$ cat upload.json   # JSON, C-alpha atoms
[["chain", "number", "residue", "atom", "x", "y", "z"],
["A", 196, "MET", "CA", -8.65, -26.38, 11.16],
["A", 197, "GLU", "CA", -5.69, -27.38, 13.25],
["A", 198, "ILE", "CA", -2.74, -24.99, 13.50],
["A", 199, "THR", "CA", 0.40, -26.86, 12.51],
["A", 200, "ALA", "CA", 4.08, -25.91, 12.53],
["A", 201, "THR", "CA", 3.69, -25.07, 8.84],
["A", 202, "HIS", "CA", 1.45, -22.13, 9.71],
["A", 203, "TYR", "CA", 4.10, -20.65, 11.96],
["A", 204, "VAL", "CA", 6.83, -21.18, 9.34],
["A", 205, "VAL", "CA", 4.73, -19.42, 6.70],
["A", 206, "LEU", "CA", 3.97, -16.53, 9.06],
["A", 207, "ALA", "CA", 7.68, -16.17, 9.85],
["A", 208, "CYS", "CA", 8.46, -16.19, 6.11],
["A", 209, "VAL", "CA", 5.91, -13.44, 5.48],
["A", 210, "LEU", "CA", 7.21, -11.27, 8.32],
["A", 211, "PHE", "CA", 10.81, -11.82, 7.21],
["A", 212, "SER", "CA", 10.13, -10.84, 3.62],
["A", 213, "ILE", "CA", 8.24, -7.72, 4.70],
["A", 214, "GLY", "CA", 11.32, -6.85, 6.76],
["A", 215, "VAL", "CA", 13.71, -7.44, 3.85],
["A", 216, "TYR", "CA", 11.46, -5.39, 1.55],
["A", 217, "GLY", "CA", 11.57, -2.48, 4.00],
["A", 218, "LEU", "CA", 15.32, -2.87, 4.44],
["A", 219, "ILE", "CA", 15.86, -2.54, 0.69],
["A", 220, "THR", "CA", 13.35, 0.14, -0.21],
["A", 221, "ARG", "CA", 13.28, 2.54, 2.74],
["A", 222, "LYS", "CA", 15.86, 5.28, 2.98],
["A", 223, "ASN", "CA", 15.31, 6.54, 6.51],
["A", 224, "ILE", "CA", 18.02, 4.91, 8.59],
["A", 225, "LEU", "CA", 15.72, 4.62, 11.63],
["A", 226, "VAL", "CA", 13.12, 2.67, 9.67],
["A", 227, "VAL", "CA", 15.87, 0.46, 8.24],
["A", 228, "LEU", "CA", 16.87, -0.44, 11.82],
["A", 229, "MET", "CA", 13.23, -1.19, 12.66],
["A", 230, "CYS", "CA", 12.97, -3.52, 9.64],
["A", 231, "LEU", "CA", 16.07, -5.30, 10.94],
["A", 232, "GLU", "CA", 14.24, -5.81, 14.24],
["A", 233, "LEU", "CA", 11.27, -7.20, 12.31],
["A", 234, "MET", "CA", 13.50, -9.79, 10.64],
["A", 235, "LEU", "CA", 15.12, -10.80, 13.94],
["A", 236, "ASN", "CA", 11.67, -11.13, 15.47],
["A", 237, "SER", "CA", 10.46, -13.45, 12.71],
["A", 238, "CYS", "CA", 13.50, -15.65, 13.31],
["A", 239, "ASN", "CA", 12.64, -15.74, 17.01],
["A", 240, "LEU", "CA", 9.15, -16.94, 16.07],
["A", 241, "LEU", "CA", 10.70, -19.80, 14.07],
["A", 242, "PHE", "CA", 12.97, -20.74, 16.98],
["A", 243, "VAL", "CA", 10.05, -20.89, 19.39],
["A", 244, "ALA", "CA", 7.87, -22.87, 16.96],
["A", 245, "PHE", "CA", 10.56, -25.50, 16.41],
["A", 246, "SER", "CA", 11.28, -25.56, 20.12],
["A", 247, "ARG", "CA", 7.61, -26.49, 20.65],
["A", 248, "LEU", "CA", 7.85, -29.07, 17.86],
["A", 249, "TYR", "CA", 10.81, -30.87, 19.40],
["A", 250, "GLU", "CA", 9.74, -30.15, 22.99],
["A", 251, "SER", "CA", 13.13, -28.78, 23.93],
["A", 252, "ALA", "CA", 13.99, -25.56, 25.74],
["A", 253, "THR", "CA", 17.07, -25.03, 23.56],
["A", 254, "GLY", "CA", 15.13, -22.86, 21.13],
["A", 255, "HIS", "CA", 14.02, -20.64, 24.01],
["A", 256, "VAL", "CA", 17.66, -20.15, 25.06],
["A", 257, "PHE", "CA", 18.51, -19.23, 21.47],
["A", 258, "VAL", "CA", 15.74, -16.64, 21.50],
["A", 259, "LEU", "CA", 17.13, -15.16, 24.71],
["A", 260, "MET", "CA", 20.57, -14.86, 23.08],
["A", 261, "SER", "CA", 19.08, -13.32, 19.96],
["A", 262, "VAL", "CA", 17.15, -10.76, 22.02],
["A", 263, "THR", "CA", 20.40, -9.83, 23.81],
["A", 264, "VAL", "CA", 22.22, -9.41, 20.52],
["A", 265, "ALA", "CA", 19.29, -7.39, 19.13],
["A", 266, "ALA", "CA", 19.38, -5.06, 22.12],
["A", 267, "ALA", "CA", 23.14, -4.52, 21.74],
["A", 268, "GLU", "CA", 22.77, -4.03, 17.99],
["A", 269, "VAL", "CA", 20.00, -1.46, 18.40],
["A", 270, "ALA", "CA", 21.98, 0.47, 21.01],
["A", 271, "VAL", "CA", 25.06, 0.66, 18.76],
["A", 272, "GLY", "CA", 22.96, 1.38, 15.67],
["A", 273, "LEU", "CA", 21.10, 4.24, 17.34],
["A", 274, "ALA", "CA", 24.39, 5.69, 18.60],
["A", 275, "PHE", "CA", 25.57, 5.68, 14.99],
["A", 276, "VAL", "CA", 22.31, 7.33, 13.92],
["A", 277, "VAL", "CA", 22.80, 10.10, 16.48],
["A", 278, "SER", "CA", 26.41, 10.74, 15.46],
["A", 279, "ILE", "CA", 25.57, 10.61, 11.73],
["A", 280, "TYR", "CA", 22.69, 13.03, 12.19],
["A", 281, "ARG", "CA", 24.96, 15.34, 14.13],
["A", 282, "GLN", "CA", 27.43, 15.43, 11.25],
["A", 283, "ARG", "CA", 25.15, 15.43, 8.19],
["A", 284, "GLU", "CA", 21.84, 16.85, 9.47],
["A", 285, "SER", "CA", 20.04, 14.10, 7.56],
["A", 286, "LEU", "CA", 18.87, 10.53, 8.01],
["A", 287, "ASP", "CA", 19.01, 9.65, 4.29],
["A", 288, "ILE", "CA", 20.90, 6.39, 3.91],
["A", 289, "ASP", "CA", 22.07, 7.36, 0.40],
["A", 290, "LEU", "CA", 24.22, 10.13, 1.82],
["A", 291, "LEU", "CA", 26.39, 7.55, 3.55],
["A", 292, "LYS", "CA", 28.75, 6.72, 0.70],
["A", 293, "LEU", "CA", 32.05, 7.34, 2.42],
["A", 294, "LEU", "CA", 33.15, 3.75, 1.81],
["A", 295, "ARG", "CA", 31.97, 3.61, -1.80],
["A", 296, "GLY", "CA", 34.91, 3.09, -4.14],
["B", 90, "MET", "CA", -10.67, -24.36, 18.45],
["B", 91, "SER", "CA", -9.85, -21.17, 20.32],
["B", 92, "HIS", "CA", -6.19, -21.80, 19.44],
["B", 93, "THR", "CA", -6.98, -21.49, 15.73],
["B", 94, "VAL", "CA", -9.00, -18.28, 16.17],
["B", 95, "ILE", "CA", -6.33, -16.63, 18.34],
["B", 96, "PHE", "CA", -3.60, -17.67, 15.92],
["B", 97, "TYR", "CA", -5.37, -16.15, 12.92],
["B", 98, "ILE", "CA", -6.28, -12.91, 14.72],
["B", 99, "PHE", "CA", -2.80, -12.26, 16.05],
["B", 100, "SER", "CA", -0.91, -13.39, 12.97],
["B", 101, "ALA", "CA", -3.06, -11.00, 10.92],
["B", 102, "LEU", "CA", -2.31, -8.23, 13.43],
["B", 103, "SER", "CA", 1.43, -8.91, 13.30],
["B", 104, "VAL", "CA", 1.48, -8.86, 9.49],
["B", 105, "LEU", "CA", -0.59, -5.66, 9.52],
["B", 106, "GLY", "CA", 1.85, -4.06, 11.95],
["B", 107, "ALA", "CA", 4.81, -5.16, 9.81],
["B", 108, "ILE", "CA", 3.24, -3.65, 6.68],
["B", 109, "MET", "CA", 2.60, -0.41, 8.56],
["B", 110, "VAL", "CA", 6.25, -0.32, 9.73],
["B", 111, "VAL", "CA", 7.40, -0.51, 6.12],
["B", 112, "SER", "CA", 4.79, 1.79, 4.60],
["B", 113, "SER", "CA", 4.29, 4.64, 7.05],
["B", 114, "ARG", "CA", 6.15, 7.85, 6.38],
["B", 115, "ASN", "CA", 6.66, 9.01, 9.93],
["B", 116, "PRO", "CA", 9.25, 7.04, 11.98],
["B", 117, "VAL", "CA", 7.12, 7.48, 15.12],
["B", 118, "SER", "CA", 4.16, 5.65, 13.60],
["B", 119, "SER", "CA", 6.57, 3.03, 12.26],
["B", 120, "ALA", "CA", 7.81, 2.47, 15.81],
["B", 121, "VAL", "CA", 4.28, 2.20, 17.22],
["B", 122, "SER", "CA", 3.35, -0.32, 14.50],
["B", 123, "LEU", "CA", 6.47, -2.30, 15.36],
["B", 124, "VAL", "CA", 5.20, -2.48, 18.95],
["B", 125, "LEU", "CA", 1.94, -3.95, 17.59],
["B", 126, "THR", "CA", 3.89, -6.62, 15.67],
["B", 127, "LEU", "CA", 6.08, -7.48, 18.66],
["B", 128, "PHE", "CA", 3.08, -7.69, 20.98],
["B", 129, "SER", "CA", 1.16, -10.00, 18.61],
["B", 130, "THR", "CA", 4.25, -12.17, 18.30],
["B", 131, "ALA", "CA", 4.36, -12.38, 22.10],
["B", 132, "VAL", "CA", 0.77, -13.70, 22.04],
["B", 133, "LEU", "CA", 1.84, -16.32, 19.48],
["B", 134, "PHE", "CA", 4.69, -17.28, 21.83],
["B", 135, "VAL", "CA", 2.10, -17.89, 24.56],
["B", 136, "LEU", "CA", 0.21, -20.13, 22.13],
["B", 137, "LEU", "CA", 3.44, -22.10, 21.64],
["B", 138, "HIS", "CA", 3.79, -22.58, 25.44],
["B", 139, "ALA", "CA", 6.79, -20.20, 25.58],
["B", 140, "HIS", "CA", 5.49, -18.14, 28.47],
["B", 141, "PHE", "CA", 8.86, -16.90, 29.70],
["B", 142, "ILE", "CA", 9.93, -15.87, 26.19],
["B", 143, "ALA", "CA", 6.64, -14.01, 25.74],
["B", 144, "ALA", "CA", 7.30, -12.03, 28.92],
["B", 145, "ILE", "CA", 10.86, -11.28, 27.78],
["B", 146, "GLN", "CA", 9.55, -10.22, 24.38],
["B", 147, "ILE", "CA", 7.19, -7.67, 25.91],
["B", 148, "LEU", "CA", 9.66, -6.42, 28.53],
["B", 149, "ILE", "CA", 12.79, -6.10, 26.39],
["B", 150, "TYR", "CA", 11.56, -5.75, 22.82],
["B", 151, "ALA", "CA", 8.31, -3.87, 23.16],
["B", 152, "GLY", "CA", 9.50, -2.08, 26.27],
["B", 153, "ALA", "CA", 13.20, -1.27, 26.28],
["B", 154, "ILE", "CA", 14.16, -1.40, 22.60],
["B", 155, "MET", "CA", 11.12, 0.52, 21.36],
["B", 156, "VAL", "CA", 11.55, 3.17, 24.05],
["B", 157, "LEU", "CA", 15.14, 3.55, 22.82],
["B", 158, "PHE", "CA", 13.85, 4.04, 19.26],
["B", 159, "LEU", "CA", 11.22, 6.59, 20.27],
["B", 160, "PHE", "CA", 13.71, 8.41, 22.49],
["B", 161, "THR", "CA", 16.13, 8.70, 19.57],
["B", 162, "VAL", "CA", 13.39, 10.02, 17.28],
["B", 163, "MET", "CA", 12.48, 12.59, 19.90],
["B", 164, "PHE", "CA", 16.12, 13.45, 20.58],
["B", 165, "LEU", "CA", 16.96, 14.03, 16.91],
["B", 166, "ASN", "CA", 13.99, 16.35, 16.41],
["B", 167, "ILE", "CA", 13.78, 15.52, 12.70],
["B", 168, "ARG", "CA", 12.40, 18.15, 10.33],
["B", 169, "GLU", "CA", 9.16, 17.38, 8.52],
["B", 170, "SER", "CA", 10.96, 17.72, 5.15],
["B", 171, "GLU", "CA", 13.10, 14.69, 5.99],
["B", 172, "PHE", "CA", 10.11, 12.40, 5.52],
["B", 173, "ARG", "CA", 9.46, 13.35, 1.92],
["B", 174, "PHE", "CA", 12.30, 11.61, 0.07],
["B", 175, "ASP", "CA", 12.01, 8.56, 2.18],
["B", 176, "SER", "CA", 11.73, 5.72, -0.27],
["B", 177, "MET", "CA", 12.93, 4.41, -3.61],
["B", 178, "ASN", "CA", 11.13, 5.51, -6.77],
["B", 179, "ILE", "CA", 7.89, 3.72, -7.55],
["B", 180, "PRO", "CA", 8.94, 1.35, -10.41],
["B", 181, "LYS", "CA", 11.89, 0.02, -8.41],
["B", 182, "ARG", "CA", 9.73, -0.37, -5.32],
["B", 183, "THR", "CA", 6.99, -2.19, -7.21],
["B", 184, "THR", "CA", 9.55, -4.56, -8.71],
["B", 185, "PHE", "CA", 10.85, -5.47, -5.28],
["B", 186, "LEU", "CA", 7.30, -5.80, -3.93],
["B", 187, "LEU", "CA", 6.28, -8.19, -6.71],
["B", 188, "LEU", "CA", 9.51, -10.15, -6.26],
["B", 189, "PHE", "CA", 8.92, -10.62, -2.55],
["B", 190, "VAL", "CA", 5.20, -11.42, -2.93],
["B", 191, "ALA", "CA", 6.07, -14.03, -5.57],
["B", 192, "ALA", "CA", 8.85, -15.57, -3.46],
["B", 193, "THR", "CA", 6.74, -15.70, -0.30],
["B", 194, "GLY", "CA", 3.70, -17.01, -2.17],
["B", 195, "PHE", "CA", 5.79, -19.73, -3.82],
["B", 196, "LEU", "CA", 7.28, -20.76, -0.48],
["B", 197, "ALA", "CA", 3.90, -20.69, 1.31],
["B", 198, "SER", "CA", 2.20, -22.77, -1.39],
["B", 199, "LYS", "CA", 5.06, -25.29, -1.32],
["B", 200, "LEU", "CA", 4.82, -25.54, 2.46],
["B", 201, "PHE", "CA", 1.04, -25.88, 2.55],
["B", 202, "LEU", "CA", 0.95, -28.42, -0.28],
["B", 203, "SER", "CA", 3.47, -30.66, 1.46],
["B", 204, "SER", "CA", 2.18, -32.74, 4.34],
["B", 205, "PRO", "CA", 1.65, -30.51, 7.41],
["B", 206, "ILE", "CA", 3.95, -30.94, 10.39],
["B", 207, "ARG", "CA", 1.67, -31.37, 13.40],
["B", 208, "PHE", "CA", 2.78, -30.37, 16.86],
["B", 209, "PRO", "CA", 3.12, -33.40, 19.14],
["B", 210, "LYS", "CA", 1.20, -33.47, 22.38],
["B", 211, "LEU", "CA", 3.33, -32.10, 25.20],
["B", 212, "GLU", "CA", 4.49, -34.71, 27.70],
["B", 213, "ASP", "CA", 4.73, -32.22, 30.55],
["B", 214, "PRO", "CA", 2.61, -29.18, 29.63],
["B", 215, "GLY", "CA", 2.90, -27.63, 33.08],
["B", 216, "ASN", "CA", 6.67, -27.44, 32.87],
["B", 217, "PHE", "CA", 7.55, -26.71, 29.25],
["B", 218, "GLY", "CA", 8.61, -23.10, 28.61],
["B", 219, "THR", "CA", 8.46, -21.95, 32.21],
["B", 220, "VAL", "CA", 11.22, -19.92, 33.86],
["B", 221, "ALA", "CA", 12.48, -23.03, 35.65],
["B", 222, "ASP", "CA", 12.68, -25.04, 32.44],
["B", 223, "VAL", "CA", 14.41, -22.34, 30.38],
["B", 224, "GLY", "CA", 16.67, -21.40, 33.31],
["B", 225, "ARG", "CA", 17.79, -24.99, 33.78],
["B", 226, "SER", "CA", 18.75, -25.20, 30.12],
["B", 227, "LEU", "CA", 20.38, -21.75, 30.18],
["B", 228, "PHE", "CA", 22.49, -22.24, 33.28],
["B", 229, "ILE", "CA", 23.50, -25.87, 32.75],
["B", 230, "ASP", "CA", 23.88, -26.44, 29.03],
["B", 231, "TYR", "CA", 24.52, -22.90, 27.83],
["B", 232, "LEU", "CA", 26.32, -21.26, 30.75],
["B", 233, "LEU", "CA", 29.30, -20.15, 28.64],
["B", 234, "ALA", "CA", 27.02, -18.53, 26.05],
["B", 235, "PHE", "CA", 25.19, -16.72, 28.84],
["B", 236, "GLU", "CA", 28.43, -15.33, 30.28],
["B", 237, "LEU", "CA", 29.64, -14.31, 26.81],
["B", 238, "ALA", "CA", 26.34, -12.48, 26.26],
["B", 239, "SER", "CA", 27.11, -10.34, 29.31],
["B", 240, "VAL", "CA", 30.52, -9.51, 27.80],
["B", 241, "LEU", "CA", 28.77, -8.57, 24.56],
["B", 242, "VAL", "CA", 26.41, -6.22, 26.37],
["B", 243, "VAL", "CA", 29.30, -4.52, 28.21],
["B", 244, "VAL", "CA", 31.22, -4.08, 24.94],
["B", 245, "ALA", "CA", 28.11, -2.64, 23.27],
["B", 246, "MET", "CA", 27.56, -0.23, 26.16],
["B", 247, "VAL", "CA", 31.16, 1.06, 26.05],
["B", 248, "GLY", "CA", 30.95, 1.30, 22.27],
["B", 249, "VAL", "CA", 27.74, 3.32, 22.44],
["B", 250, "LEU", "CA", 29.33, 5.76, 24.88],
["B", 251, "VAL", "CA", 32.40, 6.19, 22.67],
["B", 252, "ILE", "CA", 30.39, 6.62, 19.45],
["B", 253, "ALA", "CA", 27.72, 8.92, 20.82],
["B", 254, "LYS", "CA", 30.15, 11.15, 22.68],
["B", 255, "GLY", "CA", 32.15, 11.98, 19.57],
["B", 256, "ARG", "CA", 35.50, 13.71, 19.43],
["B", 257, "GLU", "CA", 36.01, 16.30, 22.11],
["B", 258, "SER", "CA", 38.53, 18.47, 20.30]]
$ encode --input "upload.json" --output "structure tokens"
Amino acid sequence: MEITATHYVVLACVLFSIGVYGLITRKNILVVLMCLELMLNSCNLLFVAFSRLYESATGHVFVLMSVTVAAAEVAVGLAFVVSIYRQRESLDIDLLKLLRG
Amino acid sequence: MSHTVIFYIFSALSVLGAIMVVSSRNPVSSAVSLVLTLFSTAVLFVLLHAHFIAAIQILIYAGAIMVLFLFTVMFLNIRESEFRFDSMNIPKRTTFLLLFVAATGFLASKLFLSSPIRFPKLEDPGNFGTVADVGRSLFIDYLLAFELASVLVVVAMVGVLVIAKGRES
């Protein structure tokens, strides 16, 4: 059976929904960040698949930008994790309700 | 037909890794499973003729970002008791699981029942996705975005230093 663009789109959908599921259900802030990475990665897969479909390198440039943003986001997120853990001695995301009205 | 076999093997591996990221209790094993997912995705990038992006994926994602994660886990030295209350209660979790399985299944069936979008044959397979090709696009069409990305990285670096250092007083 030939692999079409549809296969890649379905795979990206599956990976994205696993990521969203983890983002909603997990409470460890580190795992939540990893699920975010999973979602970004599935979007990168879509970009590359459509880049192959239209034979244009634009999608590859988008993936480069998204990897840069992901690296910056992870660095800032992990700095937050370190400072939160220093203050609260816990990684439970439910303890972070400072902004809850 | 090797393309088909490789696609199925590595897509199964990436989904397996993603499920293990979500389901494993220990953040270290979550991180290692995430490396599995990212590596399998890099193989799929090679299948899509994105050789440069595959190299970047392994170097930056599976290398730098995951090392940062593992370093933070090691640095925090989390107690074993932290892992116990790590997830929502089971009825809520099952509801979300069923919701996502239903949504993904619906989408996948819709996509597979519609006419498949075949990849066209590449006009210049030796050139597409190479460093030269991506670099030409990056430095001619998207030069401003590239420069702004460097600003973003500098801002993130300064921000990380400020946040992680904390208040001195």
$ atom_distance --input "upload.json" --atom1 "CA of Tyr203 (chain A)" --atom2 "CA of Pro116 (chain B)"
28.2 Å
$ axis_aligned_box --input "upload.json" --around "region 219-229 of chain A" --padding-each-side "8 Å" --output "JSON"
{"center_x": 15.6, "center_y": 2.0, "center_z": 6.2, "size_x": 20.9, "size_y": 25.1, "size_z": 28.9}
$ residues_around --input "upload.json" --residues "Asp289 (chain A)" --least-positions-apart "5" --cutoff "10 Å" --atoms "only C-alpha atoms" --output "compact mmCIF listing (two decimals) with C-alpha atoms, keeping the file's coordinate frame"
# COMPACT_ATOMS: atom_id res chain seq x y z
CA LYS A 222 15.86 5.28 2.98
CA ASN A 223 15.31 6.54 6.51
CA ILE A 224 18.02 4.91 8.59
$ closest_residue --input "upload.json" --among "A:Phe257, A:Arg221, A:Leu294, A:Ile288" --to "chain B" --atoms "all atoms listed in the file"
A:Arg221
$ closest_atom_pairs --input "upload.json" --of "chain A" --to "region 109-113 of chain B" --cutoff "12 Å" --atoms "all atoms listed in the file" --output "JSON lines"
{"residue": "A:Leu210", "atom": "CA", "partner": "B:Val111", "partner_atom": "CA", "distance": 11.0}
{"residue": "A:Phe211", "atom": "CA", "partner": "B:Val111", "partner_atom": "CA", "distance": 11.9}
{"residue": "A:Ser212", "atom": "CA", "partner": "B:Val111", "partner_atom": "CA", "distance": 11.0}
{"residue": "A:Ile213", "atom": "CA", "partner": "B:Val111", "partner_atom": "CA", "distance": 7.4}
{"residue": "A:Gly214", "atom": "CA", "partner": "B:Val111", "partner_atom": "CA", "distance": 7.5}
{"residue": "A:Val215", "atom": "CA", "partner": "B:Val111", "partner_atom": "CA", "distance": 9.6}
{"residue": "A:Tyr216", "atom": "CA", "partner": "B:Val111", "partner_atom": "CA", "distance": 7.8}
{"residue": "A:Gly217", "atom": "CA", "partner": "B:Val111", "partner_atom": "CA", "distance": 5.1}
{"residue": "A:Leu218", "atom": "CA", "partner": "B:Val111", "partner_atom": "CA", "distance": 8.4}
{"residue": "A:Ile219", "atom": "CA", "partner": "B:Val111", "partner_atom": "CA", "distance": 10.3}
{"residue": "A:Thr220", "atom": "CA", "partner": "B:Val111", "partner_atom": "CA", "distance": 8.7}
{"residue": "A:Arg221", "atom": "CA", "partner": "B:Val111", "partner_atom": "CA", "distance": 7.4}
{"residue": "A:Lys222", "atom": "CA", "partner": "B:Val111", "partner_atom": "CA", "distance": 10.7}
{"residue": "A:Asn223", "atom": "CA", "partner": "B:Val111", "partner_atom": "CA", "distance": 10.6}
{"residue": "A:Leu225", "atom": "CA", "partner": "B:Val110", "partner_atom": "CA", "distance": 10.8}
{"residue": "A:Val226", "atom": "CA", "partner": "B:Val111", "partner_atom": "CA", "distance": 7.4}
{"residue": "A:Val227", "atom": "CA", "partner": "B:Val111", "partner_atom": "CA", "distance": 8.8}
{"residue": "A:Leu228", "atom": "CA", "partner": "B:Val110", "partner_atom": "CA", "distance": 10.8}
{"residue": "A:Met229", "atom": "CA", "partner": "B:Val110", "partner_atom": "CA", "distance": 7.6}
{"residue": "A:Cys230", "atom": "CA", "partner": "B:Val111", "partner_atom": "CA", "distance": 7.2}
{"residue": "A:Leu231", "atom": "CA", "partner": "B:Val111", "partner_atom": "CA", "distance": 11.0}
{"residue": "A:Glu232", "atom": "CA", "partner": "B:Val110", "partner_atom": "CA", "distance": 10.7}
{"residue": "A:Leu233", "atom": "CA", "partner": "B:Val110", "partner_atom": "CA", "distance": 8.9}
{"residue": "A:Met234", "atom": "CA", "partner": "B:Val110", "partner_atom": "CA", "distance": 12.0}
$ closest_residue --input "upload.json" --among "A:Val258, A:Leu293, A:Leu241, A:Ala252" --to "Ile149 (chain B)" --atoms "all atoms listed in the file"
A:Val258
$ atom_distance --input "upload.json" --atom1 "CA of Pro180 (chain B)" --atom2 "CA of Ser198 (chain B)"
26.6 Å
$ atom_distance --input "upload.json" --atom1 "CA of Leu137 (chain B)" --atom2 "CA of Ala244 (chain A)"
6.5 Å
$ closest_residue --input "upload.json" --among "B:Asn115, B:Asn216, B:Ser100, B:Thr161" --to "Glu250 (chain A)" --atoms "all atoms listed in the file"
B:Asn216
$ residues_around --input "upload.json" --residues "region 229-240 of chain B" --least-positions-apart "6" --cutoff "8 Å" --atoms "only C-alpha atoms" --output "number ranges by chain"
A: 256, 260, 263-264
$ residues_around --input "upload.json" --residues "region 278-284 of chain A" --least-positions-apart "5" --cutoff "12 Å" --atoms "only C-alpha atoms" --output "list in words"
Asn223, Ile224, Leu225, Val271, Gly272, Leu273, Asp289, Leu290, Leu291 and Leu293 of chain A; Thr161, Val162, Phe164, Leu165, Asn166, Ile167, Arg168, Ser170, Glu171, Val249, Leu250, Val251, Ile252, Ala253, Lys254, Gly255 and Arg256 of chain B
$ closest_residue --input "upload.json" --among "B:Met246, B:Ala143, B:Val135, B:Leu186" --to "Asn236 (chain A)" --atoms "all atoms listed in the file"
B:Ala143
$ closest_atom_pairs --input "upload.json" --of "region 196-288 of chain A" --to "region 201-212 of chain B" --cutoff "7 Å" --atoms "all atoms listed in the file" --output "tab-separated table"
residue	atom	partner	partner_atom	distance
A:Thr199	CA	B:Arg207	CA	4.8
A:Ala200	CA	B:Ile206	CA	5.5
A:Thr201	CA	B:Pro205	CA	6.0
A:Leu248	CA	B:Phe208	CA	5.3
$ residues_around --input "upload.json" --residues "Gly254 (chain A)" --least-positions-apart "6" --cutoff "9 Å" --atoms "all atoms listed in the file" --output "VMD selection string"
chain A and resid 239 241 to 247
$ closest_residue --input "upload.json" --among "B:Val247, B:Ala139, B:Leu188, B:Leu148" --to "Phe217 (chain B)" --atoms "all atoms listed in the file"
B:Ala139
